[in-house]
Each structure stands twice: as C-alpha cells, then as structure tokens.
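**Q** I am attaching a structure below and will ask some questions about it afterwards.
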Amino acid sequence: MLILVSIFAIILGAVLGSFGNVLVIRMKDGESIRGRSHCVTCKRQLRASELIPIASWFMLGGKCSSCGKEIHWQYPVVEAAMSVLTLVAFLRYPLDLNFDLHTLGLIGFEIALGFVILVATVFDLRWKLVPVEFIVTSAIVLAIWRILLGTPWLELVMGAVVVSALLGAIVFLSRGTMMGEGDPFVGLLMGAVLGFPLALLGVLVAFVIGGSVASALLIERAVSRKTEVPFVPFLAAGTMIAFWWSAPLLVIARYAML
C-alpha cells in the first residue's frame, strides 16, 4: 500500500509541477492558462512526448526540438520539487483502505499549500516579482479550506492581519530596501494558512534563513549590499517549516516567553 501511494504521489506531484510551470509563465506573459502548451520562443505546440514531466526535459537535452533554444531549468526542478512536496504530504498522513475524508482533506490542503508556495517562489526567483492576485486568491481559498478542516477562523484572520501588517511596516520604514512591496501579500498568505501566532514563528524562521544565506553570499562576495535578493523563497521556507513542525516551534516559543 505504501509503495503504491508513494508512486501515485510522485506522479501526481510531477503533473502538478508541470501545471505550475505553465501557470508561472502564462501569468508573467498575461496569457490564459487555456490552450495547449507551446515553446515560449518559437510558439510551436508541444507533442505529447514532449510533455512528460521531468523526463521530457532530459530526453530533449534541455532544448526545444524545433528552434533549438534552451528550455529553462525551472521546468524539471519545479516538477521534481512538487513531487517531493506531494510525497511528503501523503507520508505525513498515512492512508488506509477506508480513505478517511478528513485525512484526504489534510493531504489535499498540504499539497495545495505547497503548490502555491512553489509557484510564488519560482515567480520571485525568476523575475523578482510577486503574483499578487494569485497569492491573495490562494490565501482566501486556503483559509476557507483550513476552517473547514477545523481551524478557528479568528486565529487565521489574526495571523493574516498581523503578519501582513508587520511586513508592510518593514517595507514602509525601510522604503523598500529590506524587502519588496509584494512580500506583505505573501505574509498575508502565511497568516491565512498558519494562523496566529504560528505565522509569526514562520516569519522569524524566514528571517533567520534569509539572514544566514545573505551573510554567506556576502562573505563569498557573490552579492553586494546593494544586490536585490528575492525574499519570497525564504518566506516560503519559513511557511513550510512552521507548517511541518508547528508543535515543537510553539513549545519553544512558549518556553522563550517564560
């Protein structure tokens, strides 16, 4: 049973990752997500053999078979990452033959959260932009989903308001030098899915990871103090870490306040 579920999760994640790639590119270009996939350079519609998640990129040698232009590394990486996130979700909530609806709801929620976080991360890494409409819509949908799963609505509302306001204040006071104007919307998403006070812990984790990575890059002279470093990936990491390890983080926070 576990092996079959794992295989299903990996395939499902790869397919979702493939859709995520389409969504990222088409949101950036202002295209509808309807219509067949095509090469972003020559616009040729892709054949079925070119649409196999992860495998097609390697079979094509990372290049379009028509125009020869390189296919961005984003495609296999996102598909593989989404496979891992989906597999983790299934392994965290083991299924039996009864297929409990609540458990399925938890698995679905975690997969959806991973998908949204991954799309936002890739968008920021590639263009240093945040897809605000996508983030806000996702925050509303995921918050409703979490409420249906039993999380108190006030906890989520408080998280969304507090975290978005905190990040918004940082943007305002630093005049955009510490983080971009789109980051508070990611904070809104964090608060809406993690709730208060867990979302604040997620932000703290994000700052710790972000500060550590930025310091390492400065020491290695890979960036300068004026280099814009995308912050959404760190907020994404903080979100998932807080979601996966919520219990120990809340215990640590309680002891820290004593």
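Quick note on naming: the chains in the structure tokens go A, B, ... in the order shown, residues restart at 1 in each chain, and ligands are numbered from 1 in order of appearance.
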Within 10 Å of Val186 of chain A, counting only C-alpha atoms, which residues qualify if same-chain residues fewer than 6 places away don't, as a list in words?
**A** Ile117, Ala120, Val130, Pro131, Val132, Ile135, Val136, Ala139, Ala160, Val163, Ser164, Leu167, Ala192, Phe231, Val232, Leu235, Ala236 and Thr239 of chain A
**Q** Can you list, as an NGL selection string, all residues belonging to segment 62-144 of chain A that DSSP tags as alpha helix (DSSP H)?
**A** :A and (74-92 or 101-127 or 132-144)
**Q** I need the residues from that last selection saved to file as an mmCIF file, in the first residue's frame (with C-alpha atoms), if you can.
**A**
data_model
loop_
_atom_site.group_PDB
_atom_site.id
_atom_site.type_symbol
_atom_site.label_atom_id
_atom_site.label_comp_id
_atom_site.auth_asym_id
_atom_site.auth_seq_id
_atom_site.Cartn_x
_atom_site.Cartn_y
_atom_site.Cartn_z
ATOM 1 C CA GLN A 74 12.747 25.785 -13.993
ATOM 2 C CA TYR A 75 10.735 23.036 -15.675
ATOM 3 C CA PRO A 76 12.353 19.864 -14.283
ATOM 4 C CA VAL A 77 13.229 21.497 -10.955
ATOM 5 C CA VAL A 78 9.652 22.623 -10.246
ATOM 6 C CA GLU A 79 8.234 19.270 -11.310
ATOM 7 C CA ALA A 80 10.692 17.398 -9.081
ATOM 8 C CA ALA A 81 10.124 19.779 -6.154
ATOM 9 C CA MET A 82 6.355 19.410 -6.402
ATOM 10 C CA SER A 83 6.774 15.624 -6.484
ATOM 11 C CA VAL A 84 8.704 15.798 -3.213
ATOM 12 C CA LEU A 85 6.140 18.103 -1.581
ATOM 13 C CA THR A 86 3.275 15.840 -2.646
ATOM 14 C CA LEU A 87 5.066 12.718 -1.437
ATOM 15 C CA VAL A 88 5.747 14.357 1.952
ATOM 16 C CA ALA A 89 2.051 15.249 2.269
ATOM 17 C CA PHE A 90 0.978 11.663 1.650
ATOM 18 C CA LEU A 91 3.604 10.251 4.020
ATOM 19 C CA ARG A 92 2.653 12.677 6.807
ATOM 20 C CA LEU A 101 -12.315 12.128 4.112
ATOM 21 C CA HIS A 102 -10.722 14.275 6.813
ATOM 22 C CA THR A 103 -7.317 12.752 6.113
ATOM 23 C CA LEU A 104 -7.798 13.298 2.387
ATOM 24 C CA GLY A 105 -8.698 16.904 3.153
ATOM 25 C CA LEU A 106 -5.472 17.367 5.129
ATOM 26 C CA ILE A 107 -3.400 15.834 2.347
ATOM 27 C CA GLY A 108 -5.126 17.966 -0.276
ATOM 28 C CA PHE A 109 -4.611 21.119 1.767
ATOM 29 C CA GLU A 110 -0.891 20.485 2.206
ATOM 30 C CA ILE A 111 -0.445 19.731 -1.496
ATOM 31 C CA ALA A 112 -2.327 22.915 -2.428
ATOM 32 C CA LEU A 113 -0.228 24.961 0.005
ATOM 33 C CA GLY A 114 2.984 23.505 -1.400
ATOM 34 C CA PHE A 115 1.820 24.277 -4.940
ATOM 35 C CA VAL A 116 1.019 27.924 -4.153
ATOM 36 C CA ILE A 117 4.258 28.444 -2.241
ATOM 37 C CA LEU A 118 6.297 26.865 -5.046
ATOM 38 C CA VAL A 119 4.675 28.991 -7.758
ATOM 39 C CA ALA A 120 5.280 32.182 -5.755
ATOM 40 C CA THR A 121 8.901 31.183 -5.100
ATOM 41 C CA VAL A 122 9.693 30.494 -8.749
ATOM 42 C CA PHE A 123 7.998 33.733 -9.813
ATOM 43 C CA ASP A 124 10.132 35.755 -7.404
ATOM 44 C CA LEU A 125 13.363 33.915 -8.227
ATOM 45 C CA ARG A 126 12.960 34.459 -11.960
ATOM 46 C CA TRP A 127 11.611 37.997 -12.116
ATOM 47 C CA VAL A 132 -0.320 39.408 -6.044
ATOM 48 C CA GLU A 133 -3.730 38.392 -7.423
ATOM 49 C CA PHE A 134 -2.745 34.728 -7.378
ATOM 50 C CA ILE A 135 -1.405 34.997 -3.813
ATOM 51 C CA VAL A 136 -4.445 36.817 -2.426
ATOM 52 C CA THR A 137 -6.913 34.467 -4.136
ATOM 53 C CA SER A 138 -4.957 31.452 -2.885
ATOM 54 C CA ALA A 139 -4.869 32.877 0.645
ATOM 55 C CA ILE A 140 -8.666 33.174 0.700
ATOM 56 C CA VAL A 141 -9.229 29.675 -0.708
ATOM 57 C CA LEU A 142 -6.693 28.039 1.624
ATOM 58 C CA ALA A 143 -8.046 29.891 4.662
ATOM 59 C CA ILE A 144 -11.583 28.653 3.927
#
**Q** What's around segment 27-42 of chain A at 9 Å? Count only C-alpha atoms, leave out sequence neighbours fewer than 4 positions away in its own chain, and write the answer as a list of chain:residue names.
**A**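 Close residues of segment 27-42 of chain A: A:Val22, A:Leu23, A:Leu46, A:Arg47, A:Leu51, A:Cys64, A:Ser66, A:Cys67, A:Lys69, A:Ile71, A:Phe123, A:Trp127, A:Pro131, A:Phe134.
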**Q** Counting only C-alpha atoms, which of A:His72, A:Thr151, A:Val162, A:Leu129 gets nearest to Trp57 of chain A?
**A**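 That would be A:His72, the residue with the smallest distance to Trp57 of chain A.
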